[in-house]
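Student: Structure: query04.cif, mmCIF, C-alpha atoms, pLDDT in the B column; chains and numbers go by the auth columns.
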```cif
data_final
#
loop_
_atom_site.group_PDB
_atom_site.id
_atom_site.type_symbol
_atom_site.label_atom_id
_atom_site.label_comp_id
_atom_site.label_asym_id
_atom_site.label_seq_id
_atom_site.Cartn_x
_atom_site.Cartn_y
_atom_site.Cartn_z
_atom_site.B_iso_or_equiv
_atom_site.auth_seq_id
_atom_site.auth_asym_id
ATOM 1 C CA MET A 1 91.148 81.726 61.177 49.00 23 V
ATOM 2 C CA SER A 2 93.454 84.741 61.270 60.00 24 V
ATOM 3 C CA GLU A 3 90.755 86.903 59.624 59.00 25 V
ATOM 4 C CA LYS A 4 88.363 85.882 62.384 55.00 26 V
ATOM 5 C CA ASN A 5 90.917 86.871 65.054 59.00 27 V
ATOM 6 C CA MET A 6 91.482 90.193 63.316 59.00 28 V
ATOM 7 C CA ASN A 7 87.739 90.862 63.223 56.00 29 V
ATOM 8 C CA ASN A 8 87.467 90.016 66.930 53.00 30 V
ATOM 9 C CA GLN A 9 90.306 92.391 67.730 49.00 31 V
ATOM 10 C CA LYS A 10 88.678 95.157 65.695 50.00 32 V
ATOM 11 C CA GLU A 11 85.452 94.726 67.631 60.00 33 V
ATOM 12 C CA LYS A 12 87.190 94.901 71.002 82.00 34 V
ATOM 13 C CA LEU A 13 89.226 98.024 70.278 91.00 35 V
ATOM 14 C CA PRO A 14 87.794 101.207 71.783 91.00 36 V
ATOM 15 C CA PHE A 15 88.971 103.537 69.008 91.00 37 V
ATOM 16 C CA ALA A 16 89.066 103.210 65.254 90.00 38 V
ATOM 17 C CA LYS A 17 92.274 101.353 64.477 88.00 39 V
ATOM 18 C CA ASN A 18 92.885 103.316 61.282 91.00 40 V
ATOM 19 C CA GLU A 19 92.603 106.632 63.104 93.00 41 V
ATOM 20 C CA VAL A 20 95.131 105.585 65.760 93.00 42 V
ATOM 21 C CA TYR A 21 97.426 104.317 62.986 93.00 43 V
ATOM 22 C CA ARG A 22 97.084 107.592 61.071 93.00 44 V
ATOM 23 C CA LEU A 23 97.955 109.635 64.155 94.00 45 V
ATOM 24 C CA MET A 24 100.937 107.421 64.885 94.00 46 V
ATOM 25 C CA LYS A 25 102.216 107.771 61.304 93.00 47 V
ATOM 26 C CA GLU A 26 101.852 111.563 61.518 93.00 48 V
ATOM 27 C CA ASN A 27 104.050 111.668 64.601 94.00 49 V
ATOM 28 C CA LEU A 28 106.675 109.080 63.688 93.00 50 V
ATOM 29 C CA ASP A 29 109.505 109.430 61.198 94.00 51 V
ATOM 30 C CA SER A 30 108.416 108.559 57.667 91.00 52 V
ATOM 31 C CA ASP A 31 110.726 105.554 57.451 92.00 53 V
ATOM 32 C CA ARG A 32 109.115 103.817 60.443 92.00 54 V
ATOM 33 C CA MET A 33 106.979 100.732 60.013 93.00 55 V
ATOM 34 C CA ILE A 34 104.369 99.944 62.668 91.00 56 V
ATOM 35 C CA LYS A 35 103.514 96.346 63.400 93.00 57 V
ATOM 36 C CA ASP A 36 99.874 95.423 63.869 92.00 58 V
ATOM 37 C CA ARG A 37 100.330 94.515 67.524 93.00 59 V
ATOM 38 C CA VAL A 38 101.724 97.981 68.251 94.00 60 V
ATOM 39 C CA LYS A 39 98.650 99.580 66.669 93.00 61 V
ATOM 40 C CA VAL A 40 96.368 97.444 68.805 94.00 62 V
ATOM 41 C CA GLU A 41 98.305 98.053 72.009 94.00 63 V
ATOM 42 C CA MET A 42 98.475 101.802 71.376 94.00 64 V
ATOM 43 C CA ASN A 43 94.706 101.763 71.011 95.00 65 V
ATOM 44 C CA ARG A 44 94.335 99.929 74.333 95.00 66 V
ATOM 45 C CA PHE A 45 96.874 102.198 76.002 94.00 67 V
ATOM 46 C CA LEU A 46 95.010 105.321 74.938 95.00 68 V
ATOM 47 C CA TYR A 47 91.819 103.785 76.277 95.00 69 V
ATOM 48 C CA SER A 48 93.469 103.014 79.629 95.00 70 V
ATOM 49 C CA ILE A 49 94.548 106.655 79.916 95.00 71 V
ATOM 50 C CA LEU A 50 90.997 107.745 79.175 96.00 72 V
ATOM 51 C CA VAL A 51 89.683 105.387 81.872 96.00 73 V
ATOM 52 C CA ASN A 52 92.202 106.670 84.434 95.00 74 V
ATOM 53 C CA VAL A 53 91.375 110.303 83.711 95.00 75 V
ATOM 54 C CA CYS A 54 87.656 109.577 84.005 96.00 76 V
ATOM 55 C CA ARG A 55 88.183 107.815 87.351 95.00 77 V
ATOM 56 C CA GLN A 56 89.948 110.899 88.640 95.00 78 V
ATOM 57 C CA LEU A 57 87.182 113.127 87.304 95.00 79 V
ATOM 58 C CA ASN A 58 84.643 110.969 89.134 95.00 80 V
ATOM 59 C CA GLU A 59 86.373 111.772 92.426 94.00 81 V
ATOM 60 C CA TYR A 60 85.180 115.371 92.210 94.00 82 V
ATOM 61 C CA PRO A 61 81.917 115.984 94.060 93.00 83 V
ATOM 62 C CA TYR A 62 80.469 118.090 91.232 91.00 84 V
ATOM 63 C CA THR A 63 78.077 116.882 88.560 92.00 85 V
ATOM 64 C CA THR A 64 79.569 119.134 85.884 94.00 86 V
ATOM 65 C CA ILE A 65 83.127 118.580 84.762 92.00 87 V
ATOM 66 C CA ASP A 66 84.907 121.805 83.908 94.00 88 V
ATOM 67 C CA TYR A 67 88.149 122.445 82.075 94.00 89 V
ATOM 68 C CA GLU A 68 90.214 123.077 85.217 94.00 90 V
ATOM 69 C CA MET A 69 89.200 119.718 86.653 94.00 91 V
ATOM 70 C CA PHE A 70 90.146 118.070 83.375 94.00 92 V
ATOM 71 C CA ARG A 71 93.527 119.848 83.336 94.00 93 V
ATOM 72 C CA GLU A 72 94.295 118.639 86.852 93.00 94 V
ATOM 73 C CA CYS A 73 93.521 115.064 85.883 93.00 95 V
ATOM 74 C CA ILE A 74 95.653 115.068 82.736 93.00 96 V
ATOM 75 C CA TYR A 75 98.600 116.831 84.410 91.00 97 V
ATOM 76 C CA PRO A 76 100.641 113.626 84.905 89.00 98 V
ATOM 77 C CA TYR A 77 100.305 112.782 81.210 89.00 99 V
ATOM 78 C CA THR A 78 100.975 116.240 79.795 88.00 100 V
ATOM 79 C CA ASN A 79 103.827 117.225 82.117 88.00 101 V
ATOM 80 C CA ILE A 80 105.806 114.027 82.398 88.00 102 V
ATOM 81 C CA GLU A 81 109.070 115.826 81.572 92.00 103 V
ATOM 82 C CA LYS A 82 108.551 118.347 84.387 91.00 104 V
ATOM 83 C CA ILE A 83 107.634 115.544 86.773 89.00 105 V
ATOM 84 C CA ASN A 84 110.783 113.590 85.849 92.00 106 V
ATOM 85 C CA GLU A 85 112.937 116.695 86.261 93.00 107 V
ATOM 86 C CA GLU A 86 111.436 117.297 89.704 93.00 108 V
ATOM 87 C CA LYS A 87 112.002 113.648 90.623 94.00 109 V
ATOM 88 C CA ASN A 88 115.659 113.892 89.570 96.00 110 V
ATOM 89 C CA ARG A 89 116.080 117.151 91.499 96.00 111 V
ATOM 90 C CA ILE A 90 114.637 115.572 94.647 97.00 112 V
ATOM 91 C CA LEU A 91 116.819 112.465 94.238 96.00 113 V
ATOM 92 C CA MET A 92 119.933 114.624 93.845 95.00 114 V
ATOM 93 C CA HIS A 93 118.977 116.596 96.946 96.00 115 V
ATOM 94 C CA LEU A 94 118.439 113.365 98.881 96.00 116 V
ATOM 95 C CA ASP A 95 121.852 112.134 97.735 95.00 117 V
ATOM 96 C CA ALA A 96 123.396 115.361 99.047 94.00 118 V
ATOM 97 C CA ILE A 97 121.595 114.925 102.372 96.00 119 V
ATOM 98 C CA LYS A 98 122.780 111.323 102.497 95.00 120 V
ATOM 99 C CA ALA A 99 126.377 112.424 101.868 94.00 121 V
ATOM 100 C CA ASP A 100 126.067 115.013 104.650 93.00 122 V
ATOM 101 C CA CYS A 101 124.725 112.344 107.005 94.00 123 V
ATOM 102 C CA ASP A 102 127.584 110.015 106.097 92.00 124 V
ATOM 103 C CA ALA A 103 130.116 112.800 106.758 92.00 125 V
ATOM 104 C CA LEU A 104 128.487 113.586 110.109 92.00 126 V
ATOM 105 C CA ALA A 105 128.496 109.909 111.031 90.00 127 V
ATOM 106 C CA MET A 106 132.203 109.689 110.230 90.00 128 V
ATOM 107 C CA ASP A 107 132.844 112.797 112.368 88.00 129 V
ATOM 108 C CA VAL A 108 130.915 111.262 115.262 87.00 130 V
ATOM 109 C CA GLU A 109 132.784 107.985 114.924 85.00 131 V
ATOM 110 C CA ARG A 110 136.119 109.784 114.823 83.00 132 V
ATOM 111 C CA SER A 111 135.322 111.976 117.845 83.00 133 V
ATOM 112 C CA LEU A 112 134.019 109.024 119.840 79.00 134 V
ATOM 113 C CA LYS A 113 137.117 107.014 118.953 74.00 135 V
ATOM 114 C CA LEU A 114 139.312 109.835 120.192 64.00 136 V
ATOM 115 C CA LYS A 115 137.358 110.015 123.455 62.00 137 V
ATOM 116 C CA ASP A 116 137.422 106.238 123.841 58.00 138 V
ATOM 117 C CA THR A 117 141.167 106.189 123.264 58.00 139 V
ATOM 118 C CA ALA A 118 141.762 109.042 125.688 54.00 140 V
ATOM 119 C CA GLU A 119 139.615 107.376 128.362 55.00 141 V
ATOM 120 C CA LYS A 120 141.371 104.058 127.888 57.00 142 V
ATOM 121 C CA ASP A 121 144.750 105.782 128.153 52.00 143 V
ATOM 122 C CA SER A 122 143.716 107.514 131.375 54.00 144 V
ATOM 123 C CA PHE A 123 142.353 104.287 132.737 51.00 145 V
ATOM 124 C CA ALA A 124 145.543 102.526 131.700 51.00 146 V
ATOM 125 C CA ASP A 125 147.561 105.171 133.550 54.00 147 V
ATOM 126 C CA PHE A 126 145.537 104.607 136.710 51.00 148 V
ATOM 127 C CA THR A 127 146.016 100.891 136.460 52.00 149 V
ATOM 128 C CA ALA A 128 149.717 101.368 136.085 52.00 150 V
ATOM 129 C CA ASP A 129 149.750 103.605 139.155 53.00 151 V
ATOM 130 C CA ASP A 130 147.827 101.018 141.158 53.00 152 V
ATOM 131 C CA GLU A 131 150.448 98.401 140.352 54.00 153 V
ATOM 132 C CA ASP A 132 153.169 100.662 141.756 54.00 154 V
ATOM 133 C CA GLY A 133 151.413 100.567 145.079 53.00 155 V
ATOM 134 C CA TRP A 134 149.598 103.823 145.191 54.00 156 V
#
```
Reformat the file's structure so that it appears as C-alpha cells.
Tutor:
Amino acid sequence: MSEKNMNNQKEKLPFAKNEVYRLMKENLDSDRMIKDRVKVEMNRFLYSILVNVCRQLNEYPYTTIDYEMFRECIYPYTNIEKINEEKNRILMHLDAIKADCDALAMDVERSLKLKDTAEKDSFADFTADDEDGW
C-alpha cells in the first residue's frame, strides 16, 4: 500500500523528485538528512513559485516574454533580504514617528492642563470676589 502511495506522489509531482533532492543536498550541509515529506513539499513549493511568476508574466500585455519582465516578476524571490531590510527600516521610521507623536501629545496635554488650571484659578478668584460682595 505504501508503494502505491509513493507511486501516486511521484506522478503528481511537477519536477523530478531526484533532481530536487540532488539540488537540496548540494546546498545543505553534508551531515543533513532530508525526510521524504520535505522533498515532496519542496517540489510543490518550487512549482507554486513557478505558477506565481507565470501569473505575473501573464499580466503583461505583450505576447513575448523578455528577460526584463521575468526579472521584475522574480524580484520578490531573489531580493527577499533587501525587501526585509527595507521593511525593517520603514518600521523603525514609523516607530520614530510614533514616538514623536506621543511626545507631541504629551506636550499638548501638559499645555492644556496648564491653561485649564490657570482658567480655573482665575474663575475661582472671581467667585471668591463675588462672595465678598463685589
Student: Grab the atom CA of Val73 of chain V to atom CA of Glu48 of chain V distance for me, in Å with one decimal place.
Tutor: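 Here the two named atoms are 24.5 Å from each other.
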Student: Just the number, please: distance in Å from atom CA of Met114 of chain V to atom CA of Asn101 of chain V, one decimal.
Tutor: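 About the pair atom CA of Met114 of chain V and atom CA of Asn101 of chain V: they are 20.1 Å apart.
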Student: Mind checking which residues fall within 9 Å of Met91 of chain V, counting all atoms listed in the file, ignoring those fewer than 5 positions away in the same chain, and posting them as a list in words?
Tutor: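 Near Met91 of chain V, the qualifying residues are Leu79, Tyr82 and Ile96 of chain V.
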Student: Work out how far atom CA of Tyr97 of chain V is from atom CA of Asn40 of chain V, in Å to one decimal.
Tutor: 27.4 Å
Student: Find, counting all atoms listed in the file, the residue in V:Ala38, V:Ile87, V:Cys95, V:Ala125 that gets nearest to Tyr69 of chain V.
Tutor: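 Nearest candidate to Tyr69 of chain V out of V:Ala38, V:Ile87, V:Cys95, V:Ala125: V:Ala38.
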Student: Do a neighbour search on Lys47 of chain V at 9 Å with only C-alpha atoms, toss out local chain neighbours closer than 6 positions, and write the hits as a list in words.
Tutor: Arg54, Met55 and Ile56 of chain V
Student: Could you give me the axis-aligned bounding box of segment 40-44 of chain V, with 6 Å of padding per side, as centre plus edge lengths in Å to one decimal, as lines of an AutoDock Vina configuration file?
Tutor:
```
center_x = 95.0
center_y = 105.5
center_z = 63.4
size_x = 16.8
size_y = 16.3
size_z = 16.7
```
Student: Using all atoms listed in the file, which of V:Glu41, V:Asp117, V:Asp122, V:Asp129 sits nearest Asn65 of chain V?
Tutor: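 Checking each candidate against Asn65 of chain V, we get V:Glu41 as the closest.
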Student: Hey, which of V:Asn110, V:Val42, V:Ala121, V:Lys104 ends up closest to Phe67 of chain V? Count all atoms listed in the file.
Tutor: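 Using all atoms listed in the file, Phe67 of chain V sits closest to V:Val42.
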Student: Any chance you could export segment 112-126 of chain V with all heavy atoms, as a compact mmCIF listing (two decimals), in the first residue's frame?
Tutor:
```txt
# COMPACT_ATOMS: atom_id res chain seq x y z
N ILE V 112 11.52 50.85 7.38
CA ILE V 112 10.24 51.55 7.41
C ILE V 112 9.59 51.42 8.78
O ILE V 112 9.07 52.40 9.34
CB ILE V 112 9.30 51.03 6.30
CG1 ILE V 112 9.83 51.46 4.93
CG2 ILE V 112 7.87 51.52 6.50
CD1 ILE V 112 9.14 50.80 3.76
N LEU V 113 9.63 50.21 9.36
CA LEU V 113 9.05 50.01 10.69
C LEU V 113 9.77 50.85 11.74
O LEU V 113 9.12 51.42 12.64
CB LEU V 113 9.07 48.53 11.06
CG LEU V 113 8.10 47.64 10.30
CD1 LEU V 113 8.31 46.18 10.65
CD2 LEU V 113 6.66 48.05 10.58
N MET V 114 11.10 50.94 11.65
CA MET V 114 11.84 51.76 12.60
C MET V 114 11.48 53.23 12.43
O MET V 114 11.31 53.96 13.42
CB MET V 114 13.35 51.55 12.42
CG MET V 114 13.83 50.21 12.95
SD MET V 114 15.57 49.81 12.60
CE MET V 114 16.42 51.32 12.86
N HIS V 115 11.32 53.67 11.20
CA HIS V 115 10.94 55.05 10.94
C HIS V 115 9.53 55.32 11.48
O HIS V 115 9.28 56.37 12.08
CB HIS V 115 11.01 55.33 9.43
CG HIS V 115 10.80 56.76 9.07
ND1 HIS V 115 11.68 57.74 9.43
CD2 HIS V 115 9.79 57.37 8.40
CE1 HIS V 115 11.23 58.91 8.98
NE2 HIS V 115 10.09 58.71 8.36
N LEU V 116 8.63 54.39 11.29
CA LEU V 116 7.28 54.54 11.83
C LEU V 116 7.28 54.58 13.36
O LEU V 116 6.52 55.34 13.96
CB LEU V 116 6.37 53.41 11.34
CG LEU V 116 5.96 53.48 9.87
CD1 LEU V 116 5.21 52.22 9.47
CD2 LEU V 116 5.12 54.71 9.60
N ASP V 117 8.15 53.78 13.97
CA ASP V 117 8.28 53.83 15.43
C ASP V 117 8.77 55.20 15.89
O ASP V 117 8.30 55.73 16.90
CB ASP V 117 9.22 52.74 15.94
CG ASP V 117 8.59 51.36 15.92
OD1 ASP V 117 7.34 51.27 15.89
OD2 ASP V 117 9.34 50.36 15.93
N ALA V 118 9.71 55.77 15.15
CA ALA V 118 10.21 57.11 15.49
C ALA V 118 9.11 58.15 15.34
O ALA V 118 8.96 59.04 16.19
CB ALA V 118 11.41 57.46 14.61
N ILE V 119 8.33 58.04 14.28
CA ILE V 119 7.20 58.96 14.08
C ILE V 119 6.20 58.80 15.21
O ILE V 119 5.67 59.79 15.74
CB ILE V 119 6.55 58.72 12.70
CG1 ILE V 119 7.49 59.16 11.58
CG2 ILE V 119 5.21 59.44 12.60
CD1 ILE V 119 7.03 58.76 10.19
N LYS V 120 5.94 57.55 15.58
CA LYS V 120 5.00 57.28 16.67
C LYS V 120 5.50 57.89 17.98
O LYS V 120 4.72 58.50 18.73
CB LYS V 120 4.84 55.76 16.81
CG LYS V 120 3.72 55.31 17.67
CD LYS V 120 3.57 53.81 17.48
CE LYS V 120 3.12 53.12 18.72
NZ LYS V 120 3.04 51.69 18.57
N ALA V 121 6.80 57.77 18.25
CA ALA V 121 7.37 58.36 19.46
C ALA V 121 7.24 59.88 19.43
O ALA V 121 6.92 60.51 20.45
CB ALA V 121 8.83 57.95 19.61
N ASP V 122 7.48 60.48 18.26
CA ASP V 122 7.31 61.93 18.12
C ASP V 122 5.86 62.33 18.38
O ASP V 122 5.60 63.33 19.05
CB ASP V 122 7.73 62.41 16.73
CG ASP V 122 9.24 62.37 16.52
OD1 ASP V 122 9.98 62.27 17.53
OD2 ASP V 122 9.67 62.43 15.35
N CYS V 123 4.93 61.57 17.84
CA CYS V 123 3.51 61.86 18.06
C CYS V 123 3.14 61.74 19.53
O CYS V 123 2.40 62.57 20.06
CB CYS V 123 2.63 60.93 17.21
SG CYS V 123 2.70 61.27 15.45
N ASP V 124 3.67 60.72 20.19
CA ASP V 124 3.41 60.55 21.62
C ASP V 124 3.96 61.73 22.41
O ASP V 124 3.30 62.24 23.33
CB ASP V 124 4.01 59.24 22.13
CG ASP V 124 3.26 58.01 21.63
OD1 ASP V 124 2.10 58.16 21.17
OD2 ASP V 124 3.84 56.91 21.69
N ALA V 125 5.17 62.19 22.07
CA ALA V 125 5.77 63.33 22.75
C ALA V 125 4.95 64.59 22.52
O ALA V 125 4.72 65.37 23.45
CB ALA V 125 7.21 63.53 22.27
N LEU V 126 4.50 64.79 21.27
CA LEU V 126 3.66 65.96 20.98
C LEU V 126 2.34 65.88 21.73
O LEU V 126 1.85 66.90 22.25
CB LEU V 126 3.40 66.07 19.47
CG LEU V 126 4.58 66.53 18.63
CD1 LEU V 126 4.27 66.38 17.14
CD2 LEU V 126 4.93 67.97 18.96
```
